[in-house]
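Structure file work_26.cif; described as mmCIF, C-alpha atoms and all ligand atoms.
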data_my_file
loop_
_atom_site.label_atom_id
_atom_site.label_comp_id
_atom_site.auth_asym_id
_atom_site.auth_seq_id
_atom_site.Cartn_x
_atom_site.Cartn_y
_atom_site.Cartn_z
CA MET A 53 17.93 116.79 -114.47
CA THR A 54 20.33 117.15 -111.57
CA HIS A 55 20.70 120.43 -109.74
CA ILE A 56 24.02 121.02 -111.54
CA GLU A 57 22.44 120.45 -114.95
CA GLU A 58 19.48 122.69 -114.15
CA LEU A 59 21.75 125.58 -113.20
CA ALA A 60 23.94 124.94 -116.26
CA ALA A 61 20.84 125.12 -118.47
CA LEU A 62 19.74 128.35 -116.79
CA LEU A 63 23.09 130.05 -117.45
CA ASP A 64 23.41 128.59 -120.94
CA ASP A 65 19.94 129.88 -121.87
CA ALA A 66 20.71 133.30 -120.35
CA ALA A 67 23.83 133.55 -122.53
CA ARG A 68 22.00 132.32 -125.63
CA ASP A 69 19.00 134.62 -125.20
CA ALA A 70 21.09 137.56 -123.90
CA ARG A 71 18.73 137.84 -120.91
CA PRO A 72 20.04 138.32 -117.38
CA VAL A 73 19.15 135.94 -114.56
CA ALA A 74 19.25 136.29 -110.77
CA GLN A 75 22.42 135.16 -109.00
CA ILE A 76 22.35 131.42 -108.37
CA ASP A 77 24.50 131.55 -105.23
CA PRO A 78 24.49 135.08 -103.75
CA GLN A 79 25.55 133.83 -100.30
CA GLY A 80 28.41 131.72 -101.68
CA ARG A 81 27.05 128.42 -100.33
CA LEU A 82 28.09 126.27 -103.30
CA GLY A 83 31.50 124.63 -103.24
CA LEU A 84 34.10 125.61 -105.83
CA ASP A 85 33.89 122.09 -107.29
CA GLU A 86 30.13 122.43 -107.73
CA ALA A 87 30.51 125.84 -109.36
CA TYR A 88 33.09 124.45 -111.83
CA ALA A 89 30.83 121.45 -112.49
CA ILE A 90 28.03 123.86 -113.49
CA GLN A 91 30.46 125.72 -115.80
CA LYS A 92 31.56 122.44 -117.37
CA ALA A 93 27.99 121.27 -117.91
CA SER A 94 26.97 124.57 -119.50
CA ILE A 95 29.95 124.46 -121.90
CA GLU A 96 29.08 120.85 -122.77
CA ARG A 97 25.61 122.04 -123.81
CA ARG A 98 27.28 124.52 -126.16
CA ALA A 99 29.61 121.82 -127.52
CA ARG A 100 26.56 119.68 -128.33
CA ARG A 101 25.28 122.59 -130.45
CA GLY A 102 28.50 122.52 -132.47
CA ALA A 103 30.78 124.97 -130.62
CA PRO A 104 33.70 123.01 -129.15
CA ARG A 105 36.19 124.26 -126.57
CA VAL A 106 39.15 126.00 -128.21
CA GLY A 107 41.02 127.11 -125.10
CA VAL A 108 40.73 128.63 -121.68
CA LYS A 109 40.69 132.06 -120.03
CA MET A 110 42.01 133.24 -116.72
CA GLY A 111 40.20 135.73 -114.50
CA PHE A 112 41.24 138.02 -111.66
CA THR A 113 44.95 137.73 -112.47
CA SER A 114 45.45 141.47 -112.00
CA ARG A 115 44.91 143.70 -109.00
CA SER A 116 42.86 146.15 -111.09
CA LYS A 117 40.32 143.45 -111.92
CA MET A 118 40.23 142.11 -108.36
CA LEU A 119 39.53 145.62 -107.06
CA GLN A 120 36.95 146.36 -109.75
CA MET A 121 34.92 143.21 -109.06
CA GLY A 122 35.67 142.82 -105.34
CA LEU A 123 36.98 139.24 -105.64
CA SER A 124 40.54 138.06 -105.15
CA ASP A 125 40.73 134.41 -106.23
CA VAL A 126 42.21 133.53 -109.60
CA ILE A 127 39.56 131.66 -111.64
CA TRP A 128 39.37 130.08 -115.07
CA GLY A 129 36.79 129.53 -117.78
CA ARG A 130 36.49 127.83 -121.15
CA LEU A 131 36.67 129.48 -124.58
CA THR A 132 34.42 128.02 -127.27
CA ARG A 133 34.74 128.43 -131.01
CA ASP A 134 31.60 130.57 -131.32
CA MET A 135 33.13 133.14 -128.94
CA GLN A 136 35.91 134.20 -131.29
CA VAL A 137 35.35 137.55 -132.96
CA GLU A 138 37.42 138.09 -136.06
CA GLU A 139 40.21 140.66 -135.63
CA GLY A 140 38.84 143.96 -136.98
CA GLY A 141 35.34 142.44 -137.00
CA CYS A 142 32.05 143.69 -135.67
CA ILE A 143 29.81 142.50 -132.83
CA ASP A 144 26.07 143.03 -132.53
CA LEU A 145 25.30 144.39 -129.06
CA GLY A 146 21.89 142.70 -129.28
CA ASP A 147 23.72 139.39 -128.73
CA TYR A 148 24.95 140.57 -125.31
CA ILE A 149 23.38 141.62 -122.00
CA HIS A 150 25.74 144.34 -120.70
CA PRO A 151 29.14 143.68 -122.25
CA ARG A 152 32.46 145.05 -121.07
CA VAL A 153 35.88 144.82 -122.72
CA GLU A 154 39.33 144.37 -121.26
CA PRO A 155 42.89 144.27 -122.60
CA GLU A 156 44.65 140.91 -122.41
CA LEU A 157 47.53 138.89 -123.79
CA ALA A 158 46.80 135.57 -125.50
CA PHE A 159 48.94 132.46 -125.88
CA ILE A 160 48.58 129.69 -128.40
CA LEU A 161 50.18 126.37 -127.44
CA LYS A 162 52.27 124.03 -129.55
CA ARG A 163 52.53 121.38 -126.79
CA PRO A 164 50.40 120.52 -123.75
CA VAL A 165 51.08 122.58 -120.62
CA THR A 166 50.66 120.38 -117.55
CA ALA A 167 50.23 121.14 -113.85
CA GLY A 168 53.46 121.72 -111.94
CA MET A 169 55.46 123.07 -114.89
CA THR A 170 57.74 126.02 -114.20
CA ALA A 171 57.28 129.25 -116.13
CA ALA A 172 60.27 128.33 -118.32
CA GLN A 173 58.83 124.88 -119.07
CA ALA A 174 55.46 126.43 -119.89
CA LEU A 175 57.12 128.98 -122.18
CA ALA A 176 58.70 126.12 -124.16
CA CYS A 177 55.15 124.92 -124.94
CA VAL A 178 54.02 128.29 -126.34
CA GLU A 179 53.78 128.63 -130.11
CA ALA A 180 53.03 132.37 -130.13
CA ILE A 181 51.67 135.32 -128.15
CA ALA A 182 49.31 138.09 -129.27
CA PRO A 183 47.59 141.27 -128.10
CA ALA A 184 43.98 140.37 -127.34
CA LEU A 185 40.66 141.75 -126.13
CA GLU A 186 38.18 139.86 -124.01
CA ILE A 187 34.47 140.67 -124.08
CA ILE A 188 32.94 139.79 -120.73
CA ASP A 189 29.19 139.71 -120.24
CA SER A 190 27.97 138.46 -116.89
CA ARG A 191 24.74 136.55 -117.22
CA TYR A 192 23.70 137.95 -113.82
CA ALA A 193 21.56 141.06 -113.43
CA ASP A 194 23.56 144.24 -112.78
CA PHE A 195 26.86 142.36 -113.42
CA LYS A 196 26.83 141.38 -109.71
CA PHE A 197 28.04 137.99 -108.51
CA SER A 198 29.74 135.94 -105.80
CA LEU A 199 32.89 133.92 -106.54
CA THR A 200 30.91 130.72 -107.13
CA ASP A 201 28.33 132.60 -109.24
CA VAL A 202 31.00 133.88 -111.63
CA ILE A 203 32.77 130.51 -111.82
CA ALA A 204 29.50 128.79 -112.75
CA ASP A 205 28.94 131.53 -115.35
CA ASN A 206 32.15 130.61 -117.22
CA ALA A 207 34.03 133.52 -115.60
CA SER A 208 31.76 135.98 -117.49
CA SER A 209 33.49 135.04 -120.73
CA SER A 210 31.59 135.94 -123.83
CA GLY A 211 33.97 136.80 -126.66
CA PHE A 212 37.61 137.24 -127.59
CA VAL A 213 39.56 138.97 -130.33
CA ILE A 214 43.15 138.02 -131.13
CA GLY A 215 45.64 140.33 -132.85
CA PRO A 216 48.75 139.28 -134.81
CA TRP A 217 50.63 136.27 -133.43
CA ALA A 218 54.26 137.03 -132.42
CA ASP A 219 57.35 135.06 -131.44
CA PRO A 220 57.25 134.24 -127.70
CA ALA A 221 61.06 134.36 -127.52
CA GLN A 222 60.90 138.12 -126.88
CA ASP A 223 60.60 139.37 -123.29
CA PHE A 224 56.88 140.02 -122.73
CA GLY A 225 56.95 140.33 -118.93
CA ASN A 226 56.56 144.11 -118.79
CA LEU A 227 55.17 145.53 -122.03
CA GLY A 228 53.17 148.75 -121.94
CA LEU A 229 49.61 148.52 -123.21
CA ALA A 230 46.70 150.84 -123.91
CA LEU A 231 42.98 150.20 -124.37
CA ALA A 232 41.34 152.75 -126.65
CA MET A 233 37.69 153.45 -127.46
CA ASP A 234 37.07 155.52 -130.58
CA GLY A 235 40.75 156.43 -130.58
CA HIS A 236 40.74 157.75 -126.99
CA VAL A 237 42.92 155.88 -124.55
CA VAL A 238 40.73 154.83 -121.61
CA GLN A 239 43.05 152.42 -119.77
CA ILE A 240 46.81 152.07 -119.68
CA GLY A 241 48.84 149.37 -118.03
CA SER A 242 51.50 146.74 -118.43
CA THR A 243 51.61 143.00 -119.01
CA ALA A 244 53.40 142.92 -115.63
CA ALA A 245 50.01 143.63 -114.02
CA ILE A 246 49.05 140.03 -114.92
CA LEU A 247 50.39 138.13 -111.87
CA GLY A 248 53.76 139.89 -112.31
CA HIS A 249 54.26 138.10 -115.66
CA PRO A 250 51.64 136.63 -118.04
CA LEU A 251 53.48 133.30 -118.00
CA ARG A 252 52.35 132.89 -114.39
CA ALA A 253 48.76 133.01 -115.66
CA LEU A 254 49.59 130.17 -118.06
CA VAL A 255 51.14 128.12 -115.24
CA ALA A 256 48.04 128.81 -113.09
CA ALA A 257 45.73 127.84 -115.96
CA ALA A 258 47.41 124.44 -116.21
CA ARG A 259 47.09 123.94 -112.44
CA LEU A 260 43.39 124.89 -112.31
CA ALA A 261 42.53 122.86 -115.42
CA ALA A 262 44.27 119.81 -113.90
CA GLN A 263 42.10 120.17 -110.77
CA ALA A 264 39.12 119.69 -113.07
CA GLY A 265 40.79 116.70 -114.76
CA GLU A 266 41.65 118.65 -117.91
CA GLU A 267 44.82 119.45 -119.78
CA LEU A 268 45.90 122.48 -121.79
CA ARG A 269 46.42 120.96 -125.22
CA ALA A 270 48.44 121.81 -128.31
CA GLY A 271 46.41 124.33 -130.33
CA ASP A 272 44.63 125.75 -127.27
CA VAL A 273 44.32 129.52 -126.88
CA VAL A 274 44.94 130.75 -123.32
CA MET A 275 43.81 134.25 -122.36
CA ALA A 276 46.02 135.47 -119.50
CA GLY A 277 43.47 137.79 -117.86
CA ALA A 278 42.94 141.52 -118.00
CA ALA A 279 45.81 143.88 -117.23
CA THR A 280 43.45 146.77 -116.35
CA ALA A 281 39.87 147.28 -115.21
CA ALA A 282 37.18 146.54 -117.80
CA GLU A 283 35.19 149.21 -119.70
CA TRP A 284 31.54 149.16 -120.78
CA ILE A 285 31.00 148.75 -124.53
CA LEU A 286 28.66 151.32 -126.11
CA PRO A 287 26.90 151.16 -129.50
CA GLY A 288 28.99 152.37 -132.41
CA GLN A 289 32.32 152.19 -130.62
CA SER A 290 35.60 151.08 -132.18
CA ILE A 291 37.71 149.34 -129.57
CA SER A 292 41.39 148.47 -129.70
CA VAL A 293 44.28 147.34 -127.56
CA GLU A 294 47.87 148.06 -128.41
CA ILE A 295 50.67 146.19 -126.68
CA GLN A 296 54.16 147.61 -127.00
CA GLY A 297 56.05 145.71 -129.70
CA LEU A 298 53.16 143.28 -130.37
CA GLY A 299 50.71 145.47 -132.29
CA GLN A 300 46.95 145.78 -132.00
CA ALA A 301 43.73 143.83 -131.72
CA SER A 302 40.47 145.59 -132.48
CA PHE A 303 36.76 145.26 -133.15
CA LYS A 304 33.69 147.43 -133.55
CA ALA A 305 30.34 147.30 -131.71
CA ASN A 306 27.05 147.83 -133.52
C1 LIG B 401 34.99 138.07 -114.30
C2 LIG B 401 36.05 137.72 -115.31
C3 LIG B 401 37.41 138.30 -114.97
C4 LIG B 401 39.68 138.89 -116.02
O1 LIG B 401 40.33 139.02 -117.07
O2 LIG B 401 40.13 139.21 -114.92
C5 LIG B 401 38.32 138.33 -116.15
C6 LIG B 401 34.41 139.45 -114.48
O3 LIG B 401 35.09 140.43 -114.23
O4 LIG B 401 33.22 139.53 -114.82
O5 LIG B 401 37.97 137.94 -117.24
MG MG B 402 39.25 138.66 -118.84
#
Could you express the structure from this file as structure tokens?
Ligand code: OOG
Ligand code: MG
Amino acid sequence: MTHIEELAALLDDAARDARPVAQIDPQGRLGLDEAYAIQKASIERRARRGAPRVGVKMGFTSRSKMLQMGLSDVIWGRLTRDMQVEEGGCIDLGDYIHPRVEPELAFILKRPVTAGMTAAQALACVEAIAPALEIIDSRYADFKFSLTDVIADNASSSGFVIGPWADPAQDFGNLGLALAMDGHVVQIGSTAAILGHPLRALVAAARLAAQAGEELRAGDVVMAGAATAAEWILPGQSISVEIQGLGQASFKAN
């Protein structure tokens, strides 16, 4: 096995067994290309087990998330079919290490979005938008990582929940949103927190994917990144996001 494949196997096993591992690159010595190659190889292992890529996620697209995690570069990761949690469904916390949840907006594409498109061109490729929740679960002990660590670890992505799909023709650049746990609002924000407009996250996703030789395809789900800081998930909690005019996405933790 190459070094890349060994590290991919380490992170893939950590995710599968829900057991944390030590940071692979605490000093940030790996290149970004190497870190993304590890991510790609770990997702390929999952695909070989029958869970193909169904889209991509963006990370650190809001100031709240950058401040919370102490990193300021926009990153991306891959979503696989096994990561989707049914809207209103239930997760088993035993499948996770130390999961957190964050409020996001999701896109589903009807045409490929390619690098260099303007926001308006990207919008024309969007089939629908939806309120969404991302479950992040760093495979590293204590949820601590360098930029290259988190890239290799698929940007901490672990699960996603998508609410009702809505027409993207409406203006979704500054919609109020609230994250609630057991009915108590714990985070409030706006879709404008996501790079000023979630469409910018879609444009950035196409650019970053292209750097890795990939395209955002028709049918792909794209998670725009969290609008607020993330919250720890505790046993028994019911978690929901509501986005103004778009409705809710929710799940329960057991
Ligand atoms: C990294 C993933 C960041 C977001 O929406 O900004 C992210 C992490 O915080 O563990 O998913
Ligand atoms: Mg996220």
*Distance CA of Trp217 (chain A)-CA of Ile295 (chain A), one decimal place?*
12.0 Å
*Tell me which of A:Ile56, A:Ala184, A:Ala261, A:Ala99 sits closest to Ala167 (chain A), counting all atoms listed in the file.*
A:Ala261
*asked:* I'd like to know which of A:Gly140, A:Gly277, A:Pro155, A:Gly129 is closest to ligand MG 402 (chain B), using only C-alpha atoms and all ligand atoms.
replied: A:Gly277
Please identify all protein, DNA and RNA residues within 10 Å of ligand MG 402 (chain B), counting all atoms listed in the file, and report them as a JSON list (two decimals) with C-alpha atoms, in the coordinates of the input.
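For reference, out24.json as written:
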[["chain", "number", "residue", "atom", "x", "y", "z"],
["A", 109, "LYS", "CA", 40.69, 132.06, -120.03],
["A", 110, "MET", "CA", 42.01, 133.24, -116.72],
["A", 111, "GLY", "CA", 40.20, 135.73, -114.50],
["A", 112, "PHE", "CA", 41.24, 138.02, -111.66],
["A", 113, "THR", "CA", 44.95, 137.73, -112.47],
["A", 114, "SER", "CA", 45.45, 141.47, -112.00],
["A", 117, "LYS", "CA", 40.32, 143.45, -111.92],
["A", 128, "TRP", "CA", 39.37, 130.08, -115.07],
["A", 129, "GLY", "CA", 36.79, 129.53, -117.78],
["A", 152, "ARG", "CA", 32.46, 145.05, -121.07],
["A", 153, "VAL", "CA", 35.88, 144.82, -122.72],
["A", 154, "GLU", "CA", 39.33, 144.37, -121.26],
["A", 155, "PRO", "CA", 42.89, 144.27, -122.60],
["A", 156, "GLU", "CA", 44.65, 140.91, -122.41],
["A", 157, "LEU", "CA", 47.53, 138.89, -123.79],
["A", 184, "ALA", "CA", 43.98, 140.37, -127.34],
["A", 185, "LEU", "CA", 40.66, 141.75, -126.13],
["A", 186, "GLU", "CA", 38.18, 139.86, -124.01],
["A", 187, "ILE", "CA", 34.47, 140.67, -124.08],
["A", 188, "ILE", "CA", 32.94, 139.79, -120.73],
["A", 207, "ALA", "CA", 34.03, 133.52, -115.60],
["A", 208, "SER", "CA", 31.76, 135.98, -117.49],
["A", 209, "SER", "CA", 33.49, 135.04, -120.73],
["A", 210, "SER", "CA", 31.59, 135.94, -123.83],
["A", 211, "GLY", "CA", 33.97, 136.80, -126.66],
["A", 212, "PHE", "CA", 37.61, 137.24, -127.59],
["A", 275, "MET", "CA", 43.81, 134.25, -122.36],
["A", 276, "ALA", "CA", 46.02, 135.47, -119.50],
["A", 277, "GLY", "CA", 43.47, 137.79, -117.86],
["A", 278, "ALA", "CA", 42.94, 141.52, -118.00],
["A", 279, "ALA", "CA", 45.81, 143.88, -117.23],
["A", 280, "THR", "CA", 43.45, 146.77, -116.35],
["A", 281, "ALA", "CA", 39.87, 147.28, -115.21],
["A", 282, "ALA", "CA", 37.18, 146.54, -117.80]]
_Nearest residue to Gly146 (chain A) from the set A:Ile214, A:Ala70, A:Leu161, A:Ile291 (distances using only C-alpha atoms)_ = A:Ala70
Quick one: residues within 9 Å of Ala232 (chain A), all atoms listed in the file, excluding same-chain residues fewer than 6 positions away - as a PDB file with C-alpha atoms, in the coordinates of the input?
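Now in result_8.pdb:
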ATOM      1  CA  VAL A 238      40.730 154.830-121.610  1.00  0.00           C
ATOM      2  CA  GLN A 239      43.050 152.420-119.770  1.00  0.00           C
ATOM      3  CA  ILE A 240      46.810 152.070-119.680  1.00  0.00           C
ATOM      4  CA  SER A 290      35.600 151.080-132.180  1.00  0.00           C
ATOM      5  CA  ILE A 291      37.710 149.340-129.570  1.00  0.00           C
ATOM      6  CA  SER A 292      41.390 148.470-129.700  1.00  0.00           C
ATOM      7  CA  VAL A 293      44.280 147.340-127.560  1.00  0.00           C
ATOM      8  CA  GLU A 294      47.870 148.060-128.410  1.00  0.00           C
TER       9      GLU A 294
END
Given 5 Å of margin on each side, can you work out the centre and size in Å (one decimal) of an axis-aligned box holding every listed atom of ligand LIG 401 (chain B), as JSON?
{"center_x": 36.8, "center_y": 139.1, "center_z": -115.7, "size_x": 17.1, "size_y": 12.7, "size_z": 13.0}
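Among the candidates A:Leu145, A:Leu254, A:Ala204, A:Ala87, the residue lying nearest to Leu268 (chain A) is A:Leu254 (atoms considered: only C-alpha atoms).
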_Residue nearest Ser242 (chain A) - candidates A:Arg130, A:Ser116, A:Ala172, A:Lys304, atoms counted: all atoms listed in the file_ =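 Closest to Ser242 (chain A) of all the choices is A:Ser116.
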*Which one is closest to Ala305 (chain A): A:Gly141, A:Gly168, A:Pro250, A:Gly228? Count all atoms listed in the file.*
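Once distances to Ala305 (chain A) are computed over all atoms listed in the file, the minimum belongs to A:Gly141.
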*Using CA of Ile285 (chain A) and CA of Pro151 (chain A) as the two end points, give the distance in Å to one decimal.*
5.9 Å
*So how many Å separate CA of Pro164 (chain A) and CA of Gly265 (chain A), to one decimal?*
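So the answer is 13.7 Å.
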_Nearby residues (all atoms listed in the file) at most 8 Å from Asn306 (chain A), same-chain spacing under 5 positions excluded, as number ranges by chain_ = A: 142-145, 287-289
*Name the residues, using the chain letters and numbers of the file, that sit within 8 Å of (50.5, 121.7, -116.7) when counting only C-alpha atoms, and give them as a PyMOL selection string.*
chain A and resi 164-169+174+255+257-259+262+267-268
*asked:* Can you tell me which residues surround Gly271 (chain A) at a distance of at most 12 Å, considering all atoms listed in the file, apart from same-chain residues fewer than 2 positions away, and format the answer as a PyMOL selection string?
replied: chain A and resi 105-108+159-165+177-180+267-269+273-274
*Could you name the residues that touch region 76-78 of chain A at 7 Å or less, counting only C-alpha atoms, but leaving out those on the same chain fewer than 6 positions away, as a PyMOL selection string?*
chain A and resi 197-198+200-201
